[in-house]
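Asks: I am attaching a structure below and will ask some questions about it afterwards.
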Amino acid sequence: MSIENRIRHVRAYTLRGGGADYHDQDAGHWIDDHIATPMSVYPEYRQSRQSFGLNVLGTLVVEIEADDGTVGFAVTTAGELGAFIVEKHLARFVEGARVTDIEKMWDQMYRSTLFYGRKGVVLNAISAVDLALYDLLGKIRQEPVYALLGGPVRDELTMYATGARPDIAKKLGFIGGKMPLHHGPAEGEEGLRKNLEMIRDMREKVGDDFWLMLDCWMSLDLDYATRLAHGAAEYNLKWIEEALPPDDYWGYAKLKKQVPPKMLVTTGEHEATRWGFKLLLDMDCADIIQPDVGWCGGITELTKISAMADANGALVVPHGSSVYSYHFVVTRTNSPFAEFLMMHPTAEEIVPMFSPMLLGEPVPVNGKLKVPETPGFGVELNPALEKLRPYKH
Ligand SMILES: C[C@H](O)[C@H](O)CC(=O)C(=O)O
Ligand SMILES: [Mg+2]
């Protein structure tokens, strides 16, 4: 095997049922239980995020095969739309290229999609190709991706858990627990009271020394977010996450100035590319930025985002992203811990974040995660799942 290997073929598939589209869960899951969203202004869309289409996309799987038969792959949220973009547009910049030339492929994918891309599904699709290229290069070089990124700066990752049960997360050894917010501004003062009551109740359950955080999933306005933050200070809330819509950079800049001392403002999971994150950083919108590695542009873009954040004194704690986050976080001092999304329906047990799609996906043990040393990202696509290939080029 040689780094002179060239890419023979790119294939894009779709899969349903959890996995990279982790919101695509069965009824009754904590992740779809009256969570505050930008759609909560409409009473008919308050109870379920699936009711307004949160799970419409499904998972995109990108496979990239080198001329020696080695196959790298990656998954993200982008479904059939992403499969079209990869097969009909992006594949041309990848097939025939040297497996090492990831920077050039990324640049061509990004520049060629500017007229309809820049963020959203197009960046999800570019991310999946980028991650599959890293997986392929790691497999060809017989090295884990973290070794391609300069090597680890720590032996294992410290993890916090996102889910409905921080009290159980504490028992499982996590460093902290992040809860979803349930009521948005349209649910008035009673909703605000219920939100604060939930934090108070959880603080009582977990005691003083455990981190408690709140994920607001873009649902608030500046006034409500400020009042919520000040109300939650009494319960020592560590951070308030994604309080405002992602385009409201001005609101985030004000919120960061208005929150109580010591409370952190975090955001960025729905942001993409170095330019999007440059706005967040230049405008001093957040203490911690949270790029999703499968949505922000992949590892190639995350290295740039991370360097910029480091120079601005901001931490980078990627949103979700499973192995794609773990391999990155272990290589960066300004990413001191990582997120684990509790995908068990009641958040009471640990199941792999992208379950059931990946084989070999690592999970935290006593709140610590060891990143696999196996080549590439160290996982395989579960062959028991029936994947579709809706477009062929
Ligand atoms: C729990 C949140 O609403 C969302 O589903 C996940 C998320 O934003 C996060 O993990 O962060
Ligand atoms: Mg979040």
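By order of appearance in the structure tokens: chains A, B, ..., then residues from 1 within every chain, and ligands from 1 in the order shown.
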With a distance cut-off of 9 Å and only C-alpha atoms, select the neighbouring residues of segment 193-200 of chain A, excluding the residue or stretch itself and same-chain residues fewer than 5 positions from it, and output the selection as a ChimeraX atom specification.
Replies: /A:179,181-184,188,205,212-214,228,231-232,234-235,237
Asks: Keeping only N, CA, C and O atoms, write those residues as a PDB file, in the first residue's frame.
Replies:
ATOM      1  N   MET A 179     -29.168  18.948  30.120  1.00  0.00           N
ATOM      2  CA  MET A 179     -30.581  18.612  29.952  1.00  0.00           C
ATOM      3  C   MET A 179     -31.188  19.433  28.830  1.00  0.00           C
ATOM      4  O   MET A 179     -30.816  20.596  28.642  1.00  0.00           O
ATOM      5  N   LEU A 181     -34.045  21.832  27.376  1.00  0.00           N
ATOM      6  CA  LEU A 181     -35.054  22.766  27.890  1.00  0.00           C
ATOM      7  C   LEU A 181     -36.408  22.332  27.325  1.00  0.00           C
ATOM      8  O   LEU A 181     -36.492  21.914  26.168  1.00  0.00           O
ATOM      9  N   HIS A 182     -37.464  22.444  28.117  1.00  0.00           N
ATOM     10  CA  HIS A 182     -38.764  21.947  27.644  1.00  0.00           C
ATOM     11  C   HIS A 182     -39.749  23.031  27.219  1.00  0.00           C
ATOM     12  O   HIS A 182     -40.654  22.759  26.446  1.00  0.00           O
ATOM     13  N   HIS A 183     -39.579  24.246  27.733  1.00  0.00           N
ATOM     14  CA  HIS A 183     -40.596  25.271  27.448  1.00  0.00           C
ATOM     15  C   HIS A 183     -39.945  26.520  26.867  1.00  0.00           C
ATOM     16  O   HIS A 183     -38.965  27.024  27.408  1.00  0.00           O
ATOM     17  N   GLY A 184     -40.523  27.002  25.776  1.00  0.00           N
ATOM     18  CA  GLY A 184     -40.002  28.206  25.123  1.00  0.00           C
ATOM     19  C   GLY A 184     -40.758  29.443  25.564  1.00  0.00           C
ATOM     20  O   GLY A 184     -41.737  29.355  26.330  1.00  0.00           O
ATOM     21  N   GLY A 188     -44.805  31.284  28.111  1.00  0.00           N
ATOM     22  CA  GLY A 188     -45.001  32.313  29.124  1.00  0.00           C
ATOM     23  C   GLY A 188     -44.283  32.090  30.446  1.00  0.00           C
ATOM     24  O   GLY A 188     -43.334  31.313  30.545  1.00  0.00           O
ATOM     25  N   LYS A 205     -30.971  16.689  43.101  1.00  0.00           N
ATOM     26  CA  LYS A 205     -30.659  15.260  42.926  1.00  0.00           C
ATOM     27  C   LYS A 205     -29.159  15.000  42.773  1.00  0.00           C
ATOM     28  O   LYS A 205     -28.651  13.994  43.256  1.00  0.00           O
ATOM     29  N   LEU A 212     -24.026  20.959  35.731  1.00  0.00           N
ATOM     30  CA  LEU A 212     -25.365  20.898  35.116  1.00  0.00           C
ATOM     31  C   LEU A 212     -25.429  21.946  34.011  1.00  0.00           C
ATOM     32  O   LEU A 212     -25.072  23.101  34.238  1.00  0.00           O
ATOM     33  N   MET A 213     -25.885  21.530  32.852  1.00  0.00           N
ATOM     34  CA  MET A 213     -25.965  22.445  31.721  1.00  0.00           C
ATOM     35  C   MET A 213     -27.359  22.357  31.088  1.00  0.00           C
ATOM     36  O   MET A 213     -28.086  21.383  31.319  1.00  0.00           O
ATOM     37  N   LEU A 214     -27.678  23.360  30.267  1.00  0.00           N
ATOM     38  CA  LEU A 214     -29.002  23.433  29.667  1.00  0.00           C
ATOM     39  C   LEU A 214     -28.876  23.643  28.161  1.00  0.00           C
ATOM     40  O   LEU A 214     -28.206  24.567  27.719  1.00  0.00           O
ATOM     41  N   LEU A 228     -33.749  33.529  32.030  1.00  0.00           N
ATOM     42  CA  LEU A 228     -33.542  32.116  32.378  1.00  0.00           C
ATOM     43  C   LEU A 228     -32.158  31.924  33.000  1.00  0.00           C
ATOM     44  O   LEU A 228     -31.996  31.248  34.029  1.00  0.00           O
ATOM     45  N   GLY A 231     -32.109  33.298  36.485  1.00  0.00           N
ATOM     46  CA  GLY A 231     -32.865  32.421  37.394  1.00  0.00           C
ATOM     47  C   GLY A 231     -32.088  31.148  37.706  1.00  0.00           C
ATOM     48  O   GLY A 231     -32.133  30.622  38.820  1.00  0.00           O
ATOM     49  N   ALA A 232     -31.361  30.638  36.706  1.00  0.00           N
ATOM     50  CA  ALA A 232     -30.651  29.353  36.865  1.00  0.00           C
ATOM     51  C   ALA A 232     -29.330  29.501  37.615  1.00  0.00           C
ATOM     52  O   ALA A 232     -28.754  28.504  38.075  1.00  0.00           O
ATOM     53  N   GLU A 234     -28.802  30.570  40.483  1.00  0.00           N
ATOM     54  CA  GLU A 234     -29.013  30.099  41.856  1.00  0.00           C
ATOM     55  C   GLU A 234     -28.713  28.591  41.967  1.00  0.00           C
ATOM     56  O   GLU A 234     -28.336  28.097  43.028  1.00  0.00           O
ATOM     57  N   TYR A 235     -28.917  27.866  40.864  1.00  0.00           N
ATOM     58  CA  TYR A 235     -28.672  26.409  40.877  1.00  0.00           C
ATOM     59  C   TYR A 235     -27.340  26.058  40.221  1.00  0.00           C
ATOM     60  O   TYR A 235     -27.108  24.927  39.826  1.00  0.00           O
ATOM     61  N   LEU A 237     -25.913  26.717  37.306  1.00  0.00           N
ATOM     62  CA  LEU A 237     -25.901  26.193  35.934  1.00  0.00           C
ATOM     63  C   LEU A 237     -24.562  26.537  35.293  1.00  0.00           C
ATOM     64  O   LEU A 237     -24.149  27.693  35.289  1.00  0.00           O
TER      65      LEU A 237
END
Asks: Which residues of chain A come within 10 Å of ligand 1, and for each one, what is the closest pair of atoms and their distance in Å to one decimal, counting only C-alpha atoms and all ligand atoms, sorted by chain and residue number, as a Markdown table?
Replies:
| residue | atom | partner | partner_atom_place_in_ligand_line | distance |
| --- | --- | --- | --- | --- |
| A:Tyr22 | CA | ligand 1 | 5 (O) | 8.0 |
| A:His23 | CA | ligand 1 | 5 (O) | 6.6 |
| A:Trp30 | CA | ligand 1 | 1 (C) | 8.7 |
| A:Ile31 | CA | ligand 1 | 5 (O) | 5.7 |
| A:Asp32 | CA | ligand 1 | 5 (O) | 7.9 |
| A:Asp33 | CA | ligand 1 | 3 (O) | 9.7 |
| A:His34 | CA | ligand 1 | 3 (O) | 9.9 |
| A:Ile35 | CA | ligand 1 | 3 (O) | 6.5 |
| A:Ala36 | CA | ligand 1 | 3 (O) | 7.8 |
| A:Thr37 | CA | ligand 1 | 3 (O) | 8.0 |
| A:Arg49 | CA | ligand 1 | 3 (O) | 9.3 |
| A:Leu54 | CA | ligand 1 | 5 (O) | 9.7 |
| A:Ala161 | CA | ligand 1 | 10 (O) | 8.5 |
| A:Thr162 | CA | ligand 1 | 10 (O) | 5.7 |
| A:Gly163 | CA | ligand 1 | 1 (C) | 6.4 |
| A:Ala164 | CA | ligand 1 | 1 (C) | 8.3 |
| A:Lys178 | CA | ligand 1 | 1 (C) | 7.8 |
| A:Met179 | CA | ligand 1 | 1 (C) | 6.6 |
| A:Pro180 | CA | ligand 1 | 1 (C) | 4.8 |
| A:Leu181 | CA | ligand 1 | 3 (O) | 7.4 |
| A:His182 | CA | ligand 1 | 3 (O) | 9.1 |
| A:Leu214 | CA | ligand 1 | 1 (C) | 8.8 |
| A:Asp215 | CA | ligand 1 | 2 (C) | 5.8 |
| A:Cys216 | CA | ligand 1 | 3 (O) | 6.7 |
| A:Trp217 | CA | ligand 1 | 3 (O) | 5.2 |
| A:Met218 | CA | ligand 1 | 8 (O) | 8.9 |
| A:Ser219 | CA | ligand 1 | 3 (O) | 9.8 |
| A:Glu241 | CA | ligand 1 | 11 (O) | 7.5 |
| A:Glu242 | CA | ligand 1 | 8 (O) | 7.7 |
| A:Thr266 | CA | ligand 1 | 11 (O) | 9.7 |
| A:Thr267 | CA | ligand 1 | 11 (O) | 8.7 |
| A:Gly268 | CA | ligand 1 | 11 (O) | 9.4 |
| A:Glu269 | CA | ligand 1 | 11 (O) | 7.0 |
| A:His270 | CA | ligand 1 | 8 (O) | 9.0 |
| A:Gln290 | CA | ligand 1 | 11 (O) | 8.1 |
| A:Pro291 | CA | ligand 1 | 11 (O) | 9.9 |
| A:Asp292 | CA | ligand 1 | 11 (O) | 9.1 |
| A:Pro318 | CA | ligand 1 | 11 (O) | 8.8 |
| A:His319 | CA | ligand 1 | 11 (O) | 5.5 |
| A:Gly320 | CA | ligand 1 | 10 (O) | 5.7 |
| A:Ser321 | CA | ligand 1 | 10 (O) | 9.3 |
| A:Glu339 | CA | ligand 1 | 10 (O) | 7.3 |
| A:Phe340 | CA | ligand 1 | 10 (O) | 7.7 |
| A:Leu341 | CA | ligand 1 | 10 (O) | 5.8 |
| A:Met342 | CA | ligand 1 | 10 (O) | 8.8 |
| A:Met343 | CA | ligand 1 | 5 (O) | 9.9 |
Asks: Need to verify the contact set: segment 76-78 of chain A, 12 Å, only C-alpha atoms, exclusion of same-chain residues closer than 2 positions in sequence. Can you return it as a VMD selection string?
Replies: chain A and resid 12 to 24 54 to 63 73 to 74 80 to 86 120 to 132 292 to 298 320 to 324 354 357 to 358
Asks: Could you give me, as a VMD selection string, each residue of segment 136-235 of chain A that DSSP assigns to strand (DSSP E or B) when run on this structure's backbone?
Replies: chain A and resid 144 157 to 162 176 to 180 211 to 215
Asks: What does the distance from atom CA of Asp284 of chain A to atom CA of Val330 of chain A come to in Å, to one decimal?
Replies: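 That distance, rounded to one decimal, is 25.4 Å.
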Asks: What lies within 7 Å of segment 96-100 of chain A using only C-alpha atoms, ignoring chain neighbours under 6 positions off, as a short mmCIF file (atom, residue, chain, number, x, y, z; two decimals) with N, CA and C atoms, in the first residue's frame?
Replies:
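Dumped everything to out_3.cif:
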data_model
loop_
_atom_site.label_atom_id
_atom_site.label_comp_id
_atom_site.auth_asym_id
_atom_site.auth_seq_id
_atom_site.Cartn_x
_atom_site.Cartn_y
_atom_site.Cartn_z
N ILE A 3 0.94 5.84 -0.30
CA ILE A 3 0.17 7.08 -0.31
C ILE A 3 -0.03 7.58 -1.73
N GLU A 4 0.61 6.90 -2.69
CA GLU A 4 0.35 7.24 -4.09
C GLU A 4 -0.96 6.66 -4.58
N ASN A 5 -1.60 5.85 -3.73
CA ASN A 5 -2.88 5.27 -4.13
C ASN A 5 -3.85 6.36 -4.60
N ARG A 6 -4.62 5.99 -5.59
CA ARG A 6 -5.64 6.94 -6.08
C ARG A 6 -7.04 6.42 -5.76
N ILE A 7 -7.98 7.34 -5.80
CA ILE A 7 -9.36 6.97 -5.46
C ILE A 7 -10.07 6.47 -6.71
N ARG A 8 -10.66 5.27 -6.54
CA ARG A 8 -11.31 4.63 -7.69
C ARG A 8 -12.79 4.98 -7.74
N LEU A 137 -7.57 7.21 4.43
CA LEU A 137 -6.14 7.46 4.58
C LEU A 137 -5.58 6.70 5.79
#
Asks: Taking 5 positions as the minimum chain separation for residues in the same chain, which residues sit within 10 Å of Leu280 of chain A when counting only C-alpha atoms? Answer as a list in words.
Replies: Pro246, Asp247, Asp248, Tyr249, Trp250, Tyr252, Ala253, Thr267, Gly268, Glu271, Arg274, Trp275, Cys285, Ala286, Asp287, Ile289 and Ala309 of chain A
Asks: Go through A:Ala186, A:Ala66, A:Ile288, A:Met263 and flag the residue nearest ligand 2, using only C-alpha atoms and all ligand atoms for the distances.
Replies: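 Comparing A:Ala186, A:Ala66, A:Ile288, A:Met263 against ligand 2, the winner is A:Ile288.
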Asks: Need to verify the contact set: Arg332 of chain A, 8 Å, only C-alpha atoms, exclusion of same-chain residues closer than 4 positions in sequence. Can you return it as a list in words?
Replies: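 Within the cut-off, the hits are Pro152, Val153, Phe328 and Pro336 of chain A.
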Asks: Figure out the distance between atom CA of Trp239 of chain A and atom CA of Gly207 of chain A, please, to one decimal in Å.
Replies: 16.8 Å
Asks: Could you state the separation of atom CA of Trp211 of chain A and atom CA of Gln258 of chain A in Å, given to one decimal place?
Replies: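 Going from atom CA of Trp211 of chain A over to atom CA of Gln258 of chain A covers 20.8 Å.
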Asks: Which residue, A:Gly191, A:Ile175, A:Leu90, A:Pro245, has the smallest gap to ligand 2 when you use only C-alpha atoms and all ligand atoms?
Replies: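 Closest candidate: A:Pro245.
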Asks: When you look at Asp107 of chain A with a cut-off of 12 Å (counting only C-alpha atoms), what residues show up, excluding the ones that are within fewer than 2 positions of it in the same chain? I need them as an MDAnalysis selection string.
Replies: chainID A and resid 90 93:94 101:105 109:114 126:127 130 273 297 300:301
Asks: Rank A:His9, A:Phe277, A:Val317, A:Asp208 by their smallest atom-to-atom distance to ligand 2, using only C-alpha atoms and all ligand atoms, and report the top residue only.
Replies: A:Val317
Asks: Which residue, A:Met159, A:Ala169, A:Val265, A:Leu381, has the smallest gap to ligand 2 when you use only C-alpha atoms and all ligand atoms?
Replies: A:Val265
Asks: From the list A:His393, A:Ala243, A:Lys370, A:Glu349, which residue is nearest ligand 2 when using only C-alpha atoms and all ligand atoms?
Replies: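 Ranked by minimum distance to ligand 2, first place goes to A:Ala243.
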